[in-house]
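As provided, my_file-v6.txt (compact mmCIF, C-alpha atoms) reads as follows.
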# COMPACT_ATOMS: atom_id res chain seq x y z
CA MET A 1 -2.62 -26.83 17.08
CA THR A 2 -2.46 -25.70 20.70
CA HIS A 3 -3.36 -29.26 21.80
CA ASP A 4 -0.41 -30.58 19.79
CA LYS A 5 1.77 -27.79 21.25
CA LEU A 6 2.47 -26.33 17.81
CA LEU A 7 1.09 -22.99 19.02
CA ARG A 8 1.26 -21.51 22.50
CA ILE A 9 -1.24 -19.05 23.97
CA PHE A 10 0.43 -15.93 25.31
CA SER A 11 -1.15 -13.11 27.30
CA ARG A 12 0.45 -9.88 28.53
CA HIS A 13 -0.76 -6.33 29.12
CA HIS A 14 -4.34 -7.62 28.67
CA LEU A 15 -3.49 -8.65 25.08
CA ARG A 16 -3.89 -12.30 24.16
CA GLY A 17 -2.24 -13.96 21.20
CA TYR A 18 -0.51 -17.05 19.87
CA ARG A 19 3.16 -17.93 19.58
CA LEU A 20 4.75 -20.55 17.43
CA GLY A 21 6.04 -23.27 19.75
CA VAL A 22 9.31 -25.20 19.46
CA ARG A 23 7.47 -28.14 17.90
CA GLY A 24 5.82 -25.85 15.37
CA LYS A 25 9.15 -24.32 14.39
CA ARG A 26 10.74 -27.72 13.98
CA LEU A 27 7.83 -28.92 11.85
CA LEU A 28 8.06 -25.92 9.51
CA LEU A 29 11.83 -26.27 9.18
CA GLN A 30 11.48 -29.98 8.40
CA GLN A 31 8.70 -29.63 5.83
CA GLU A 32 9.55 -26.27 4.18
CA PRO A 33 13.16 -25.36 5.00
CA GLU A 34 13.65 -23.06 2.00
CA ARG A 35 10.56 -21.09 2.94
CA PHE A 36 11.01 -20.69 6.68
CA ALA A 37 14.71 -21.12 7.57
CA PHE A 38 15.36 -17.41 7.00
CA TYR A 39 12.82 -16.53 9.70
CA LEU A 40 13.26 -19.36 12.20
CA SER A 41 16.93 -20.37 12.26
CA GLY A 42 20.07 -18.80 13.66
CA CYS A 43 19.81 -15.54 15.60
CA SER A 44 17.06 -14.13 13.39
CA ASP A 45 15.30 -11.17 14.97
CA THR A 46 12.01 -12.73 13.88
CA ASN A 47 12.84 -15.73 16.07
CA ALA A 48 13.16 -13.57 19.20
CA ILE A 49 10.35 -13.11 21.69
CA LYS A 50 8.49 -9.82 21.31
CA SER A 51 6.24 -9.03 24.26
CA GLU A 52 6.14 -5.22 24.20
CA ILE A 53 2.86 -3.82 22.91
CA SER A 54 4.55 -1.67 20.27
CA ARG A 55 6.48 -4.64 18.84
CA ARG A 56 3.40 -6.88 18.86
CA ILE A 57 1.41 -4.20 17.03
CA ARG A 58 4.16 -3.99 14.40
CA LEU A 59 4.05 -7.78 13.92
CA HIS A 60 0.27 -7.52 13.58
CA ARG A 61 0.68 -4.71 11.05
CA ILE A 62 3.02 -6.78 8.87
CA ALA A 63 0.86 -9.93 9.21
CA GLN A 64 -2.25 -7.98 8.20
CA THR A 65 -0.35 -6.63 5.18
CA TYR A 66 0.49 -10.18 4.17
CA VAL A 67 -3.17 -11.16 4.45
CA THR A 68 -4.23 -8.23 2.24
CA MET A 69 -1.63 -9.22 -0.36
CA LEU A 70 -2.73 -12.87 -0.27
CA ASN A 71 -6.45 -12.11 -0.47
CA ALA A 72 -5.85 -9.78 -3.40
CA GLY A 73 -4.08 -12.56 -5.25
CA ALA A 74 -1.80 -9.79 -6.42
CA ALA A 75 1.58 -10.74 -5.07
CA LEU A 76 3.92 -13.62 -4.35
CA ILE A 77 4.83 -13.48 -0.66
CA TYR A 78 6.71 -16.69 0.12
CA ARG A 79 10.47 -16.36 0.12
CA ASP A 80 11.14 -19.45 -1.99
CA GLU A 81 8.80 -18.17 -4.74
CA LYS A 82 10.34 -14.71 -5.14
CA LEU A 83 13.40 -13.28 -6.81
CA PRO A 84 16.21 -12.54 -4.29
CA ILE A 85 16.13 -8.81 -4.95
CA PHE A 86 17.42 -7.84 -1.49
CA SER A 87 19.95 -10.64 -1.08
CA PRO A 88 23.52 -9.28 -0.99
CA ALA A 89 24.71 -12.41 -2.82
CA ALA A 90 22.32 -11.99 -5.76
CA SER A 91 23.13 -9.84 -8.76
CA GLY A 92 20.63 -8.27 -11.14
CA PRO A 93 18.99 -7.03 -13.06
CA PHE A 94 15.97 -9.22 -12.41
CA CYS A 95 12.93 -9.23 -14.66
CA ILE A 96 9.77 -9.22 -12.54
CA GLU A 97 6.95 -11.09 -14.26
CA GLN A 98 4.62 -11.46 -11.24
CA PRO A 99 4.02 -9.00 -8.41
CA CYS A 100 6.14 -9.80 -5.34
CA PHE A 101 5.85 -8.49 -1.78
CA TYR A 102 8.92 -8.24 0.47
CA ASP A 103 8.41 -7.44 4.14
CA SER A 104 10.64 -5.06 6.10
CA HIS A 105 12.68 -7.93 7.58
CA GLU A 106 13.59 -9.16 4.09
CA ILE A 107 14.48 -5.62 3.01
CA LYS A 108 16.90 -5.26 5.92
CA GLU A 109 18.83 -8.26 4.63
CA SER A 110 20.40 -5.90 2.09
CA GLU A 111 23.85 -4.52 2.77
CA LEU A 112 23.40 -1.21 0.94
CA GLU A 113 25.21 1.60 2.73
CA MET A 114 22.13 3.79 2.63
CA LEU A 115 19.98 1.17 4.32
CA LYS A 116 19.70 3.22 7.52
CA ILE A 117 15.97 2.97 7.95
CA ARG A 118 15.67 2.02 11.61
CA GLY A 119 12.38 3.45 12.78
CA SER A 120 10.71 3.40 9.36
CA ARG A 121 7.00 2.59 9.43
CA MET A 122 7.28 0.78 6.11
CA ALA A 123 5.75 -2.71 6.31
CA GLY A 124 7.46 -3.79 3.09
CA ALA A 125 7.74 -3.19 -0.64
CA LEU A 126 5.58 -4.39 -3.51
CA PHE A 127 7.33 -4.94 -6.84
CA THR A 128 5.30 -5.33 -10.04
CA SER A 129 6.43 -5.66 -13.64
CA GLY A 130 6.70 -1.89 -14.01
CA ARG A 131 6.32 -0.24 -10.60
CA VAL A 132 7.56 -0.36 -7.02
CA PHE A 133 5.43 0.59 -4.01
CA ALA A 134 6.64 1.34 -0.49
CA VAL A 135 3.85 -0.23 1.58
CA TYR A 136 2.63 1.26 4.86
CA ASN A 137 -0.18 -0.10 7.02
CA SER A 138 -1.64 2.25 9.63
CA MET A 139 -4.41 -0.24 10.61
CA GLU A 140 -6.97 1.68 12.71
CA PHE A 141 -4.54 4.52 13.51
CA LEU A 142 -3.66 7.70 11.67
CA PRO A 143 -0.30 7.28 9.93
CA VAL A 144 2.71 8.93 11.54
CA PHE A 145 5.90 9.41 9.51
CA ASP A 146 9.42 10.51 10.35
CA PRO A 147 10.15 12.32 7.05
CA GLN A 148 13.94 11.93 7.25
CA VAL A 149 13.74 8.18 7.92
CA GLU A 150 11.12 7.58 5.24
CA MET A 151 13.05 9.60 2.67
CA ARG A 152 16.07 7.37 3.29
CA ALA A 153 13.84 4.34 2.73
CA LYS A 154 12.60 5.88 -0.52
CA VAL A 155 16.15 6.52 -1.75
CA MET A 156 17.09 2.93 -0.87
CA LEU A 157 14.20 1.46 -2.86
CA GLU A 158 14.98 3.62 -5.86
CA GLN A 159 18.60 2.49 -5.75
CA VAL A 160 17.40 -1.13 -5.69
CA CYS A 161 15.43 -0.38 -8.86
CA ARG A 162 18.56 0.94 -10.53
CA THR A 163 20.77 -1.99 -9.57
CA LYS A 164 18.57 -5.06 -9.10
CA VAL A 165 15.53 -4.82 -11.39
CA SER A 166 15.10 -4.17 -15.09
CA PHE A 167 13.52 -0.73 -14.69
CA SER A 168 14.33 2.40 -12.71
CA LEU A 169 11.02 4.19 -12.29
CA ARG A 170 10.33 6.29 -9.24
CA THR A 171 8.90 4.54 -6.21
CA SER A 172 5.28 5.18 -5.23
CA GLY A 173 3.69 4.98 -1.79
CA LEU A 174 0.84 2.67 -0.77
CA LEU A 175 -1.02 3.34 2.49
CA LEU A 176 -3.26 0.58 3.87
CA SER A 177 -5.86 1.32 6.52
CA ASN A 178 -8.70 -0.53 8.22
CA ASN A 179 -11.41 1.86 7.04
CA MET A 180 -12.20 4.81 4.77
CA ASP A 181 -12.60 7.15 7.75
CA THR A 182 -8.80 7.46 7.82
CA LEU A 183 -8.83 8.99 4.34
CA HIS A 184 -11.57 11.40 5.40
CA THR A 185 -9.53 12.49 8.46
CA LEU A 186 -6.33 12.92 6.43
CA LEU A 187 -8.11 15.08 3.88
CA GLU A 188 -9.74 17.17 6.60
CA GLN A 189 -6.38 17.69 8.29
CA SER A 190 -4.87 18.78 4.97
CA ARG A 191 -6.77 22.05 5.45
CA THR A 192 -5.14 22.69 8.83
CA ARG A 193 -1.68 22.93 10.35
CA LYS A 194 -1.95 19.25 11.23
CA ARG A 195 -1.48 18.28 7.58
CA ASN A 196 1.00 15.49 6.95
CA HIS A 197 3.50 17.01 4.53
CA PHE A 198 5.30 13.72 3.82
CA LEU A 199 2.03 12.12 2.76
CA LEU A 200 0.67 15.08 0.81
CA ASN A 201 3.60 16.52 -1.08
CA ASP A 202 7.10 15.93 0.36
CA GLY A 203 7.32 12.16 0.06
CA TYR A 204 6.14 10.13 -2.91
CA GLU A 205 4.71 11.70 -6.04
CA HIS A 206 1.94 9.09 -5.91
CA PHE A 207 0.68 7.80 -2.56
CA TYR A 208 -2.34 5.49 -2.94
CA PHE A 209 -4.87 4.79 -0.20
CA LEU A 210 -6.44 1.32 0.09
CA THR A 211 -8.38 -0.42 2.85
CA ASN A 212 -7.64 -3.79 4.44
CA ASP A 213 -10.87 -5.34 3.21
CA PHE A 214 -12.45 -6.73 0.05
CA TYR A 215 -12.63 -3.30 -1.58
CA GLY A 216 -8.98 -2.54 -0.95
CA GLU A 217 -7.93 -6.00 -2.12
CA THR A 218 -9.77 -5.43 -5.38
CA LEU A 219 -8.08 -2.06 -5.89
CA LEU A 220 -4.72 -3.66 -5.13
CA ARG A 221 -5.36 -6.06 -7.99
CA LEU A 222 -5.92 -3.02 -10.20
CA LEU A 223 -2.61 -1.46 -9.20
CA CYS A 224 -0.92 -4.68 -10.27
CA ARG A 225 -2.91 -4.78 -13.53
CA PRO A 226 -2.27 -1.49 -15.36
CA GLU A 227 -4.06 -2.76 -18.47
CA ILE A 228 -7.36 -2.81 -16.52
CA ILE A 229 -6.71 0.72 -15.27
CA ARG A 230 -6.22 1.82 -18.88
CA GLN A 231 -9.48 0.11 -19.89
CA THR A 232 -11.33 1.77 -17.02
CA ASP A 233 -9.95 5.21 -17.87
CA ALA A 234 -10.84 4.71 -21.54
CA ALA A 235 -14.43 3.79 -20.56
CA LEU A 236 -14.71 6.90 -18.36
CA LEU A 237 -13.32 9.14 -21.11
CA GLN A 238 -16.27 8.17 -23.30
CA GLU A 239 -18.39 10.46 -21.11
CA PHE A 240 -15.83 13.28 -21.04
CA GLN A 241 -13.24 14.97 -23.23
CA PRO A 242 -9.46 14.56 -23.06
CA PRO A 243 -7.75 17.18 -20.86
CA LEU A 244 -6.74 20.39 -22.54
CA PRO A 245 -3.05 20.89 -23.34
CA ASN A 246 -1.26 23.44 -21.14
CA SER A 247 -4.07 23.26 -18.59
CA ARG A 248 -3.49 25.07 -15.31
CA LEU A 249 -4.93 22.08 -13.44
CA GLU A 250 -3.70 18.50 -13.20
CA CYS A 251 -6.64 16.38 -14.34
CA ASP A 252 -7.66 13.31 -16.34
CA ALA A 253 -10.43 14.85 -18.46
CA VAL A 254 -12.81 17.80 -18.83
CA ASP A 255 -16.58 17.85 -19.17
CA ASP A 256 -18.56 19.63 -21.89
CA SER A 257 -18.34 22.93 -20.03
CA GLY A 258 -14.55 22.66 -19.64
CA SER A 259 -14.56 21.82 -15.92
CA PRO A 260 -11.64 19.55 -14.94
CA VAL A 261 -12.29 15.93 -13.99
CA LEU A 262 -10.12 13.78 -11.73
CA PHE A 263 -10.41 9.98 -11.73
CA CYS A 264 -9.87 9.06 -8.06
CA TYR A 265 -11.34 5.56 -7.93
CA LEU A 266 -7.72 4.63 -7.05
CA PRO A 267 -7.29 7.36 -4.41
CA ASP A 268 -3.93 9.04 -4.94
CA ILE A 269 -3.70 11.30 -1.89
CA PRO A 270 -1.16 13.91 -3.13
CA ARG A 271 -2.87 14.18 -6.53
CA LEU A 272 -6.29 14.52 -4.92
CA TYR A 273 -4.93 17.17 -2.54
CA ARG A 274 -3.39 19.17 -5.40
CA PHE A 275 -6.60 18.99 -7.45
CA VAL A 276 -8.90 20.15 -4.65
CA SER A 277 -6.47 22.84 -3.47
CA ALA A 278 -6.15 24.25 -6.99
CA LEU A 279 -9.92 24.39 -7.48
CA ASN A 280 -10.39 26.15 -4.16
CA LEU A 281 -7.58 28.59 -4.90
CA LEU A 282 -9.00 29.45 -8.32
CA ASN A 283 -12.59 29.39 -7.03
CA SER A 284 -13.40 27.02 -9.88
CA THR A 285 -15.64 23.97 -10.31
CA GLY A 286 -14.60 20.39 -10.99
CA ILE A 287 -15.63 16.73 -10.84
CA LEU A 288 -14.29 13.79 -8.82
CA VAL A 289 -15.00 10.28 -10.11
CA CYS A 290 -14.94 7.58 -7.43
CA PHE A 291 -16.51 4.27 -6.39
CA ASP A 292 -19.68 4.22 -4.32
CA PHE A 293 -17.90 2.94 -1.18
CA GLN A 294 -15.50 5.92 -1.32
CA ALA A 295 -18.14 8.63 -1.65
CA ASP A 296 -18.79 9.24 2.07
CA ALA A 297 -15.10 9.86 2.72
CA LEU A 298 -14.73 12.25 -0.22
CA ARG A 299 -18.02 14.14 -0.06
CA PRO A 300 -17.10 16.47 2.85
CA LEU A 301 -14.03 17.53 0.87
CA CYS A 302 -16.05 18.66 -2.13
CA GLY A 303 -17.97 21.63 -0.82
CA ASP A 304 -20.18 23.47 -3.31
CA ASN A 305 -17.70 23.67 -6.19
CA ILE A 306 -16.83 19.97 -6.66
CA GLU A 307 -19.28 17.38 -7.94
CA LEU A 308 -18.98 13.67 -7.17
CA GLN A 309 -19.71 11.20 -9.96
CA ILE A 310 -20.01 7.69 -8.58
CA ILE A 311 -19.10 4.35 -10.17
CA ASP A 312 -21.11 1.31 -9.08
CA PHE A 313 -18.49 -1.04 -7.67
CA GLN A 314 -20.40 -4.25 -8.41
CA GLU A 315 -21.03 -3.25 -12.02
CA PHE A 316 -17.35 -2.39 -12.38
CA LYS A 317 -16.36 -5.84 -11.11
CA ILE A 318 -18.71 -7.58 -13.52
CA ARG A 319 -17.45 -5.59 -16.48
CA PHE A 320 -13.70 -5.55 -15.85
CA LEU A 321 -12.90 -8.34 -13.38
CA SER A 322 -15.43 -11.06 -14.08
CA PHE A 323 -12.88 -13.25 -15.85
CA ASP A 324 -10.22 -13.13 -13.12
Take the structure I supplied and represent it as structure tokens, if you would.
Amino acid sequence: MTHDKLLRIFSRHHLRGYRLGVRGKRLLLQQEPERFAFYLSGCSDTNAIKSEISRRIRLHRIAQTYVTMLNAGAALIYRDEKLPIFSPAASGPFCIEQPCFYDSHEIKESELEMLKIRGSRMAGALFTSGRVFAVYNSMEFLPVFDPQVEMRAKVMLEQVCRTKVSFSLRTSGLLLSNNMDTLHTLLEQSRTRKRNHFLLNDGYEHFYFLTNDFYGETLLRLLCRPEIIRQTDAALLQEFQPPLPNSRLECDAVDDSGSPVLFCYLPDIPRLYRFVSALNLLNSTGILVCFDFQADALRPLCGDNIELQIIDFQEFKIRFLSFD
């Protein structure tokens, strides 16, 4: 592609990358105008040169998010395949039958008055048939949030749900990262003054943590397939008892001795934080259920009063995802 001058090699600040050349842009606009005209025609911000390191990292962050969505097979990403939820000219409500991912540039197409989210770290939004996720990708870095900006983004997405889609459930958060060590660090910091309040309790009621690899892509498929989550929870409950009514602790089950059990194979950071904090405050025992690849990140959090019960990831895939 570089030989045909469709891509150009660009290097600055010791960072090397590729840029779409004029010939490449013309070819895309000729062959797939409905898909690429939004990004490559007119005075689109996406069509402008971005050489600063911070802007190139943001482009990388959004591109990596797209790759995770594609590899998971969990979301439509191409503009001509998706419902025009954020288009000012489109009116709802839309019925979402397949998961769809909209990047931050598409979201900013909206003319909602409360769309004042300049500076938001949100890479985009994932819409499924019954849920909406604000998607963040911290890559190899620890996530940093401006709570006021991100709360405005949250309000905007929830208003979109009320006006453009056929349901109005609360928005959840989805944090992507390059490795599980980020989760370990976030949980360790939750015990100190460095804790991220927006991530733990002030932002989204549910804020899921997934990695930008095969494991995270599989869990992303689960988030888009609530029926498999229900089957998994039902299988786990066969070894435990349903949670007690009016329990002091938020949990998914209890064991034979009455100790609370939390299913965290889909790590929900605020829920995990509340569960561990409550056990430590009450000086009580409990159980965390997770996949084997998550155990190293969660084990330091457990101490002596929390037991880890581990699910074999490969066996889970064979049992619940073998027909996908």
Name all residues at most 10 Å from Phe209 (chain A) (count all atoms listed in the file; drop same-chain ones fewer than 5 positions away) and give them as a compact mmCIF listing (two decimals) with C-alpha atoms, in the frame of the given file.
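To be explicit, this is the file written out as part_9.txt:
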# COMPACT_ATOMS: atom_id res chain seq x y z
CA TYR A 136 2.63 1.26 4.86
CA ASN A 137 -0.18 -0.10 7.02
CA GLY A 173 3.69 4.98 -1.79
CA LEU A 174 0.84 2.67 -0.77
CA LEU A 175 -1.02 3.34 2.49
CA LEU A 176 -3.26 0.58 3.87
CA SER A 177 -5.86 1.32 6.52
CA MET A 180 -12.20 4.81 4.77
CA THR A 182 -8.80 7.46 7.82
CA LEU A 183 -8.83 8.99 4.34
CA GLY A 216 -8.98 -2.54 -0.95
CA LEU A 219 -8.08 -2.06 -5.89
CA LEU A 220 -4.72 -3.66 -5.13
CA LEU A 266 -7.72 4.63 -7.05
CA PRO A 267 -7.29 7.36 -4.41
CA ASP A 268 -3.93 9.04 -4.94
CA ILE A 269 -3.70 11.30 -1.89
- Message: Please compute the CA of Val155 (chain A)-CA of Ser91 (chain A) distance, one decimal, in Å.
- Response: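 One can read the CA of Val155 (chain A) to CA of Ser91 (chain A) distance as 19.1 Å.
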- If you measure from CA of Thr192 (chain A) to CA of Gly303 (chain A), what distance in Å do you get, rounded to one decimal?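 One can read the CA of Thr192 (chain A) to CA of Gly303 (chain A) distance as 16.1 Å.
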Could you pull the residues within 10 Å of Leu76 (chain A), counting only C-alpha atoms, minus those fewer than 2 positions along the same chain, as a PDB file with C-alpha atoms, in the frame of the given file?
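Everything below was put into selection.pdb:
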ATOM      1  CA  TYR A  66       0.490 -10.180   4.170  1.00  0.00           C
ATOM      2  CA  MET A  69      -1.630  -9.220  -0.360  1.00  0.00           C
ATOM      3  CA  LEU A  70      -2.730 -12.870  -0.270  1.00  0.00           C
ATOM      4  CA  GLY A  73      -4.080 -12.560  -5.250  1.00  0.00           C
ATOM      5  CA  ALA A  74      -1.800  -9.790  -6.420  1.00  0.00           C
ATOM      6  CA  TYR A  78       6.710 -16.690   0.120  1.00  0.00           C
ATOM      7  CA  ARG A  79      10.470 -16.360   0.120  1.00  0.00           C
ATOM      8  CA  ASP A  80      11.140 -19.450  -1.990  1.00  0.00           C
ATOM      9  CA  GLU A  81       8.800 -18.170  -4.740  1.00  0.00           C
ATOM     10  CA  LYS A  82      10.340 -14.710  -5.140  1.00  0.00           C
ATOM     11  CA  LEU A  83      13.400 -13.280  -6.810  1.00  0.00           C
ATOM     12  CA  GLN A  98       4.620 -11.460 -11.240  1.00  0.00           C
ATOM     13  CA  PRO A  99       4.020  -9.000  -8.410  1.00  0.00           C
ATOM     14  CA  CYS A 100       6.140  -9.800  -5.340  1.00  0.00           C
ATOM     15  CA  PHE A 101       5.850  -8.490  -1.780  1.00  0.00           C
ATOM     16  CA  TYR A 102       8.920  -8.240   0.470  1.00  0.00           C
ATOM     17  CA  LEU A 126       5.580  -4.390  -3.510  1.00  0.00           C
ATOM     18  CA  PHE A 127       7.330  -4.940  -6.840  1.00  0.00           C
TER      19      PHE A 127
END
- Item | Neighbour list for Asn71 (chain A) as a list of chain:residue names, cut-off 9 Å, only C-alpha atoms, skip fewer than 4 positions in-chain |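 After dropping sequence-adjacent residues, the list is A:Tyr66, A:Val67, A:Asp213, A:Phe214, A:Glu217, A:Thr218.
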- Item | Proximity to Glu250 (chain A) - best of A:His206, A:Val144, A:Arg274, A:Phe293, only C-alpha atoms |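 Closest to Glu250 (chain A), using only C-alpha atoms: A:Arg274.
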- What does the distance between CA of Asn280 (chain A) and CA of Cys302 (chain A) come to in Å, to one decimal place?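 It comes out at 9.6 Å.
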- Would you mind listing what lies within 7 Å of Asp292 (chain A) as number ranges by chain, with only C-alpha atoms counted and same-chain residues fewer than 5 positions away left out? A: 310-313
- Message: If we count only C-alpha atoms and set the cut-off at 10 Å, which residues sit around Arg271 (chain A), ignoring sequence neighbours fewer than 5 positions away in its own chain? Please answer as an MDAnalysis selection string.
- Response: chainID A and resid 200:201 205:208 250:251 262 264 276:277
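Among the candidates A:Leu59, A:Arg319, A:Gln294, A:Ser284, the residue lying nearest to Gly258 (chain A) is A:Ser284 (atoms considered: all atoms listed in the file).
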Counting only C-alpha atoms, give me one row per residue of region 112-173 of chain A with an atom at most 10 Å from an atom of region 222-246 of chain A, showing the shortest contact pair and its distance in Å to one decimal, sorted by chain then residue number, as CSV.
residue,atom,partner,partner_atom,distance
A:Leu126,CA,A:Cys224,CA,9.4
A:Phe127,CA,A:Cys224,CA,8.9
A:Thr128,CA,A:Cys224,CA,6.3
A:Ser129,CA,A:Cys224,CA,8.1
A:Gly130,CA,A:Cys224,CA,8.9
A:Arg131,CA,A:Cys224,CA,8.5
A:Phe133,CA,A:Leu223,CA,9.8
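For the set A:Thr185, A:Gln314, A:Asn305, A:Thr211, the residue with the smallest atom-to-atom gap to Phe291 (chain A) is A:Gln314, counting only C-alpha atoms.
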- In file coordinates, which residues lie within 6 Å of (6.9, 7.6, -2.1) using all atoms listed in the file, given as a list in words? Thr171, Ser172, Gly173, Gly203 and Tyr204 of chain A
